[in-house]
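Working notes, beginning with the structure itself.
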Amino acid sequence: MSDRTLGFCALIFAGLMAWFGHDLQAPFSYEPVGPRAFPMLIALIIALCGIWLMVKHWHEHRKGEPIDWPRLLLMVVYIFGYALLFESLGFIIATAVVTVLIGRLFGGGWGKMIIGGVVMGVLFFLLFDVALDVVLPMGPLEFLS
């Protein structure tokens, strides 16, 4: 897939994300920004990255690498599994597991991926739960809270 194709796909995804995220409303106002700010900010970042991918090699006419369909489909399966097991496993465990699995898809070693997955799960949990006050499921780690 060429950078331009990926950039175009990112723009489409960002547009869909902004469209779906624009109407997010909380049943009660608990913060001044509201729940729509996060998806809108992420959509903006994805759109900017997509534009950058489309224009960075504008004058070069090179062919992209072929798509590794098995790896791409396996990554989609991992993301769906993450969504399905998010509440039962909890944020930290589910995030660590999906990080390890996706890291392995891209050739990371088991040791580094396990350390990275655990660190990422814990740090993102602290970011969202403590810093941003977003309630996340703990799963089997409920005893820690």
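Note on naming: chains are A, B, ... as they come in the structure tokens, residues start from 1 per chain, ligands start from 1 in the order shown.
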
All residues 10 Å or closer to Pro137 of chain A, only C-alpha atoms, same chain fewer than 5 positions away omitted, as an mmCIF file with N, CA, C and O atoms, in the first residue's frame:
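Final output, saved to selection_9.cif:
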data_model
loop_
_atom_site.group_PDB
_atom_site.id
_atom_site.type_symbol
_atom_site.label_atom_id
_atom_site.label_comp_id
_atom_site.auth_asym_id
_atom_site.auth_seq_id
_atom_site.Cartn_x
_atom_site.Cartn_y
_atom_site.Cartn_z
ATOM 1 N N PHE A 86 -12.589 -6.477 26.850
ATOM 2 C CA PHE A 86 -12.183 -5.279 27.573
ATOM 3 C C PHE A 86 -12.747 -5.230 28.991
ATOM 4 O O PHE A 86 -12.027 -4.994 29.947
ATOM 5 N N GLU A 87 -14.032 -5.473 29.133
ATOM 6 C CA GLU A 87 -14.646 -5.389 30.465
ATOM 7 C C GLU A 87 -14.298 -6.581 31.339
ATOM 8 O O GLU A 87 -14.016 -6.412 32.523
ATOM 9 N N SER A 88 -14.301 -7.775 30.779
ATOM 10 C CA SER A 88 -14.048 -8.944 31.620
ATOM 11 C C SER A 88 -12.581 -9.041 32.048
ATOM 12 O O SER A 88 -12.291 -9.419 33.186
ATOM 13 N N LEU A 89 -11.652 -8.702 31.168
ATOM 14 C CA LEU A 89 -10.235 -8.738 31.543
ATOM 15 C C LEU A 89 -9.786 -7.454 32.241
ATOM 16 O O LEU A 89 -8.807 -7.462 32.973
ATOM 17 N N GLY A 90 -10.488 -6.375 31.983
ATOM 18 C CA GLY A 90 -10.090 -5.082 32.531
ATOM 19 C C GLY A 90 -9.133 -4.374 31.588
ATOM 20 O O GLY A 90 -8.517 -4.985 30.714
ATOM 21 N N PHE A 91 -9.009 -3.080 31.771
ATOM 22 C CA PHE A 91 -8.204 -2.262 30.865
ATOM 23 C C PHE A 91 -6.739 -2.676 30.846
ATOM 24 O O PHE A 91 -6.149 -2.847 29.779
ATOM 25 N N ILE A 92 -6.145 -2.842 32.006
ATOM 26 C CA ILE A 92 -4.702 -3.093 32.066
ATOM 27 C C ILE A 92 -4.338 -4.416 31.392
ATOM 28 O O ILE A 92 -3.447 -4.469 30.536
ATOM 29 N N PHE A 125 -3.519 3.321 31.897
ATOM 30 C CA PHE A 125 -4.539 3.282 32.943
ATOM 31 C C PHE A 125 -4.375 4.480 33.879
ATOM 32 O O PHE A 125 -5.345 5.151 34.218
ATOM 33 N N ASP A 129 -7.326 6.981 34.159
ATOM 34 C CA ASP A 129 -8.059 6.877 35.420
ATOM 35 C C ASP A 129 -7.684 7.978 36.405
ATOM 36 O O ASP A 129 -8.560 8.597 37.002
ATOM 37 N N GLU A 142 -9.543 -5.920 40.170
ATOM 38 C CA GLU A 142 -10.461 -5.049 40.935
ATOM 39 C C GLU A 142 -9.991 -4.853 42.375
ATOM 40 O O GLU A 142 -10.233 -3.814 42.972
#

Selection: 6 Å around segment 10-26 of chain A, only C-alpha atoms, excl. self and same-chain fewer than 3 positions, as a list in words: Gly7, Arg36, Pro39, Met40, Ala43, Ile46, Ala47 and Gly50 of chain A

Could you give me, as a list in words, the residues within 12 Å of Phe124 of chain A, counting only C-alpha atoms and dropping anything in the same chain fewer than 2 positions from it? Phe91, Ile92, Ile93, Ala94, Thr95, Ala96, Thr99, Gly116, Gly117, Val118, Val119, Met120, Gly121, Val122, Leu126, Leu127, Phe128, Asp129, Val130, Ala131, Leu132, Asp133, Val134 and Leu136 of chain A

Nearest to Arg4 of chain A among A:Leu48, A:Pro70, A:Gly111, A:Trp58, with distances taken over only C-alpha atoms: which residue is it?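 Once distances to Arg4 of chain A are computed over only C-alpha atoms, the minimum belongs to A:Trp58.
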
Hey, what does DSSP flag as alpha helix (DSSP H) within segment 5-124 of chain A? Can you give it to me as a PyMOL selection string? chain A and resi 5-22+37-55+69-89+91-105+110-124

Taking into account only C-alpha atoms, which residue in the set A:Val98, A:Leu41, A:Ile115, A:Val135 is nearest to Leu74 of chain A?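 Closest to Leu74 of chain A, using only C-alpha atoms: A:Val98.
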
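Minimum atom-to-atom distances from A:Met138, A:Met54, A:Leu6, A:Leu144 to Ile67 of chain A were compared using only C-alpha atoms, and the lowest value belongs to A:Leu6.
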
Near Gly103 of chain A, within 10 Å and counting only C-alpha atoms, which residues show up once chain neighbours fewer than 5 positions away are dropped, as a PyMOL selection string? chain A and resi 75+97-98+108-110+112-114+116-117

With C-alpha atoms retained, could you export that selection as a PDB file, in the first residue's frame?
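Output (out-v4.pdb):
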ATOM      1  CA  MET A  75      -4.593  -7.481  13.699  1.00  0.00           C
ATOM      2  CA  VAL A  97      -2.321  -8.599  25.878  1.00  0.00           C
ATOM      3  CA  VAL A  98      -3.288  -6.781  22.672  1.00  0.00           C
ATOM      4  CA  GLY A 108       8.991  -7.843  18.370  1.00  0.00           C
ATOM      5  CA  GLY A 109      10.570 -10.297  20.781  1.00  0.00           C
ATOM      6  CA  TRP A 110       8.467 -11.856  23.525  1.00  0.00           C
ATOM      7  CA  LYS A 112      10.332  -6.764  25.058  1.00  0.00           C
ATOM      8  CA  MET A 113       6.692  -7.061  24.048  1.00  0.00           C
ATOM      9  CA  ILE A 114       5.600  -8.356  27.471  1.00  0.00           C
ATOM     10  CA  GLY A 116       6.152  -2.993  26.815  1.00  0.00           C
ATOM     11  CA  GLY A 117       2.593  -4.306  27.052  1.00  0.00           C
TER      12      GLY A 117
END

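The gap separating atom CA of Trp69 of chain A from atom CA of Phe106 of chain A is 13.3 Å, in Å to one decimal.
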
Atom CA of Ala83 of chain A sits from atom CA of Leu141 of chain A at a separation of 17.8 Å

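The interatomic distance for the pair atom CA of His57 of chain A and atom CA of Asp3 of chain A works out to 8.1 Å.
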